[in-house]
Structure formats: C-alpha cells, structure tokens
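> So that we are looking at the same thing, I have put the structure below in structure tokens.
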Amino acid sequence: MMTELNAHNLLHLRIAIGIARRAREHGNHPFGAILVDENDQCLLEAENNVITAKDCTGHAETNLVRLASQKFSEEQLARCTLYTSTEPCPMCCGAIYWSKIGRVVFALSAASLYARTDNAADKKLPPGQTILSAGGIQIIGPMIEDEAFKVHEGFWK
C-alpha cells in the first residue's frame with residue numbers, strides 16, 4: 001500500500017468527504033466518491049443512496065462506476081483516479097475492477113471505521129486494499145483518517 005499525501009490528493013479527498021456529508025444530509029450512509037482524469041479534472045461525483053433509493057448496491061463508488069462506465073471508454077477510465085471518502089467495500093472493489101479504473105485513493109480505512117463504530121458484521125469482510133491490489137489496481141491510502149471520520153460521528157448507532 002502506498003501513501004502519497006500531496007495537495008491534489010488532499011483536495012480531491014476533501015471533495016469526496018464533502019459528498020459523503022451531503023449523502024448523510026440526504027438521509028443516506030456517509031460515503032462519497034469522485035472520478036478525476038489524468039489532467040486532474042473532476043469528471044463525475046456520486047454519493048451513497050442506499051437508504052433513499054432502497055437499493056443495497058447504492059454505494060457511492062458503485063454509483064460512480066455505473067455512471068463512468070456509461071460515459072467513458074475502458075481506455076479513458078484506465079487513466080482515471082477514483083477518490084473516495086472511505087476504503088471501498090468488496091462489492092465496490094469488484095465494480096472498480098471491472099470498470100478498469102486505474103487508481104483508487106481513499107481517506108479512511110475500513111479497519112479504522114470498524115474500530116470506531118459498532119458495525120461488527122462488516123468486520124468479517126476482506127479489506128478493499130487486498131482486493132484492488134490483487135486486481136492490479138494502484139491503491140493509495142489511508143490518508144486524513146481523523147478528518148474523514150468526522151462525517152461518520154454519531155451516524156453508526
């Protein structure tokens with residue numbers, strides 16, 4: 001696992017965290033993601049909508065991948081980075097893998113989220129880092145975990 005804390009990564013991660021905050025304000029789980037191209041331009045964003053859409057697959061990353069794969073070729077996606085507020089779950093990792101997105105940068109690790117919450121069932125899942133790395137996708141994180149956790153405070157009861 002690499003950590004690459006720089007101004008671009010911080011900016012994009014903070015945008016993803018802001019989207020997570022918006023998801024929570026909309027009554028959903030606090031997760032957000034953005035897609036950035038090789039020129040550092042934000043192409044798409046998505047928030048979690050599991051609760052309001054009544055769709056267990058409505059995770060921010062999966063929603064983003066669905067939009068991205070409809071709009072961009074695999075060749076374009078291979079040059080993109082998906083920034084996410086929290087390490088992707090196994091389902092989202094599968095979607096990211098099949099989309100051919102080349103890189104993932106996340107703020108809060110799943111392990112840190114689980115350690116700070118009482119969501120015991122999810123602790124059994126393999127880390128997204130393991131899945132994405134096995135699929136040949138560059139993964140960077142965790143970064144700014146304390147900042148990223150703030151959007152989760154008081155949500156998981």
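In the structure tokens, chains take the letters A, B, ... in the order shown, each chain's residues start at 1, and ligands count up from 1 in the order shown.
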Name the residues in contact with Asn28 of chain A at a cut-off of 12 Å, using only C-alpha atoms, excluding same-chain residues fewer than 4 positions from it; report them as an NGL selection string.
:A and (19-24 or 32 or 47-56 or 58-60 or 151-152 or 155-156)
> Write out as CSV a residue-level contact list of segment 54-118 of chain A versus segment 6-9 of chain A with cut-off 12 Å: for each qualifying residue the closest pair of atoms and the distance in Å to one decimal, counting only C-alpha atoms, rows sorted by chain and residue number upward.

residue,atom,partner,partner_atom,distance
A:Thr81,CA,A:Asn9,CA,10.0
A:Leu82,CA,A:Asn9,CA,10.6
A:Tyr83,CA,A:Asn9,CA,8.1
A:Thr84,CA,A:Asn9,CA,10.5
A:Ser85,CA,A:Asn9,CA,11.5
A:Arg103,CA,A:Asn9,CA,11.8
A:Val104,CA,A:Asn9,CA,10.5
A:Val105,CA,A:Asn9,CA,7.5
A:Phe106,CA,A:Asn9,CA,9.1
A:Ala107,CA,A:Asn9,CA,9.4
> Residues within 7 Å of Gly128 of chain A, please, as a PyMOL selection string. Count only C-alpha atoms; anything in the same chain fewer than 4 positions from it doesn't count.
chain A and resi 87-90+93+132
> What does the structure give for the distance between atom CA of Ile137 of chain A and atom CA of Asp40 of chain A, in Å to one decimal?
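It comes out at 18.3 Å.
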> Within segment 10-70 of chain A, find each residue whose DSSP state, derived from the backbone, is helix (DSSP H, G or I), and express the selection as JSON, numbers by chain.
{"A": [10, 11, 12, 13, 14, 15, 16, 17, 18, 19, 20, 21, 22, 23, 24, 25, 50, 51, 52, 53, 60, 61, 62, 63, 64, 65, 66, 67, 68, 69, 70]}
> Deliver the residues from the most recent selection as a file, using N, CA, C and O atoms, as a short mmCIF file (atom, residue, chain, number, x, y, z; two decimals), in the first residue's frame.

data_model
loop_
_atom_site.label_atom_id
_atom_site.label_comp_id
_atom_site.auth_asym_id
_atom_site.auth_seq_id
_atom_site.Cartn_x
_atom_site.Cartn_y
_atom_site.Cartn_z
N LEU A 10 -5.18 15.61 -1.39
CA LEU A 10 -5.93 16.23 -0.29
C LEU A 10 -7.17 16.94 -0.80
O LEU A 10 -8.26 16.79 -0.23
N LEU A 11 -7.03 17.72 -1.84
CA LEU A 11 -8.17 18.45 -2.41
C LEU A 11 -9.27 17.49 -2.82
O LEU A 11 -10.44 17.65 -2.44
N HIS A 12 -8.93 16.46 -3.57
CA HIS A 12 -9.93 15.52 -4.07
C HIS A 12 -10.55 14.69 -2.95
O HIS A 12 -11.76 14.42 -2.98
N LEU A 13 -9.75 14.31 -1.98
CA LEU A 13 -10.30 13.56 -0.84
C LEU A 13 -11.27 14.43 -0.05
O LEU A 13 -12.33 13.96 0.39
N ARG A 14 -10.95 15.69 0.12
CA ARG A 14 -11.85 16.59 0.85
C ARG A 14 -13.15 16.81 0.09
O ARG A 14 -14.22 16.94 0.69
N ILE A 15 -13.09 16.82 -1.22
CA ILE A 15 -14.32 16.90 -2.02
C ILE A 15 -15.16 15.64 -1.80
O ILE A 15 -16.37 15.71 -1.58
N ALA A 16 -14.52 14.47 -1.83
CA ALA A 16 -15.23 13.21 -1.59
C ALA A 16 -15.86 13.18 -0.20
O ALA A 16 -16.99 12.72 -0.03
N ILE A 17 -15.15 13.70 0.79
CA ILE A 17 -15.69 13.77 2.15
C ILE A 17 -16.89 14.72 2.19
O ILE A 17 -17.90 14.44 2.85
N GLY A 18 -16.82 15.81 1.46
CA GLY A 18 -17.95 16.73 1.36
C GLY A 18 -19.17 16.07 0.74
O GLY A 18 -20.31 16.31 1.16
N ILE A 19 -18.95 15.23 -0.25
CA ILE A 19 -20.05 14.49 -0.87
C ILE A 19 -20.62 13.48 0.12
O ILE A 19 -21.84 13.27 0.18
N ALA A 20 -19.76 12.88 0.92
CA ALA A 20 -20.22 11.97 1.97
C ALA A 20 -21.11 12.71 2.97
O ALA A 20 -22.15 12.20 3.40
N ARG A 21 -20.72 13.93 3.31
CA ARG A 21 -21.52 14.75 4.21
C ARG A 21 -22.89 15.03 3.58
O ARG A 21 -23.92 14.95 4.25
N ARG A 22 -22.89 15.32 2.30
CA ARG A 22 -24.15 15.57 1.58
C ARG A 22 -25.03 14.32 1.56
O ARG A 22 -26.25 14.40 1.74
N ALA A 23 -24.41 13.14 1.36
CA ALA A 23 -25.18 11.89 1.40
C ALA A 23 -25.87 11.73 2.75
O ALA A 23 -27.05 11.35 2.82
N ARG A 24 -25.14 12.01 3.80
CA ARG A 24 -25.71 11.91 5.15
C ARG A 24 -26.87 12.91 5.32
O ARG A 24 -27.91 12.57 5.87
N GLU A 25 -26.68 14.12 4.83
CA GLU A 25 -27.74 15.14 4.90
C GLU A 25 -28.98 14.69 4.13
O GLU A 25 -30.10 15.05 4.48
N VAL A 50 -28.16 4.31 -0.60
CA VAL A 50 -28.71 3.02 -0.19
C VAL A 50 -30.09 3.18 0.44
O VAL A 50 -31.03 2.46 0.10
N ILE A 51 -30.23 4.11 1.36
CA ILE A 51 -31.48 4.25 2.11
C ILE A 51 -32.57 4.90 1.26
O ILE A 51 -33.68 4.36 1.15
N THR A 52 -32.27 6.03 0.64
CA THR A 52 -33.31 6.74 -0.10
C THR A 52 -33.73 6.02 -1.37
O THR A 52 -34.88 6.12 -1.79
N ALA A 53 -32.81 5.29 -2.00
CA ALA A 53 -33.15 4.54 -3.22
C ALA A 53 -33.65 3.13 -2.89
O ALA A 53 -34.09 2.42 -3.79
N ALA A 60 -21.53 4.75 -2.91
CA ALA A 60 -21.00 5.87 -3.68
C ALA A 60 -20.12 5.40 -4.83
O ALA A 60 -20.27 5.85 -5.98
N GLU A 61 -19.21 4.47 -4.55
CA GLU A 61 -18.28 4.01 -5.59
C GLU A 61 -19.00 3.24 -6.70
O GLU A 61 -18.70 3.42 -7.88
N THR A 62 -19.94 2.40 -6.33
CA THR A 62 -20.69 1.65 -7.34
C THR A 62 -21.54 2.59 -8.19
O THR A 62 -21.61 2.43 -9.41
N ASN A 63 -22.17 3.57 -7.55
CA ASN A 63 -22.93 4.57 -8.31
C ASN A 63 -22.03 5.32 -9.28
O ASN A 63 -22.39 5.57 -10.43
N LEU A 64 -20.82 5.67 -8.82
CA LEU A 64 -19.88 6.38 -9.66
C LEU A 64 -19.42 5.52 -10.84
O LEU A 64 -19.38 5.98 -11.98
N VAL A 65 -19.09 4.27 -10.56
CA VAL A 65 -18.63 3.36 -11.61
C VAL A 65 -19.73 3.16 -12.65
O VAL A 65 -19.46 3.14 -13.86
N ARG A 66 -20.96 3.03 -12.21
CA ARG A 66 -22.09 2.86 -13.14
C ARG A 66 -22.17 4.05 -14.10
O ARG A 66 -22.28 3.88 -15.32
N LEU A 67 -22.07 5.26 -13.56
CA LEU A 67 -22.11 6.47 -14.40
C LEU A 67 -20.89 6.53 -15.32
O LEU A 67 -21.01 6.84 -16.50
N ALA A 68 -19.72 6.25 -14.76
CA ALA A 68 -18.47 6.37 -15.51
C ALA A 68 -18.41 5.38 -16.67
O ALA A 68 -17.97 5.73 -17.77
N SER A 69 -18.84 4.16 -16.43
CA SER A 69 -18.73 3.15 -17.49
C SER A 69 -19.73 3.40 -18.61
O SER A 69 -19.52 2.94 -19.73
N GLN A 70 -20.77 4.15 -18.34
CA GLN A 70 -21.71 4.53 -19.39
C GLN A 70 -21.18 5.69 -20.23
O GLN A 70 -21.54 5.84 -21.39
#
> Can you list, as an MDAnalysis selection string, every residue of chain A that DSSP puts in strand (DSSP E)?
chainID A and resid 32:36 42:47 81:86 103:108 138:140
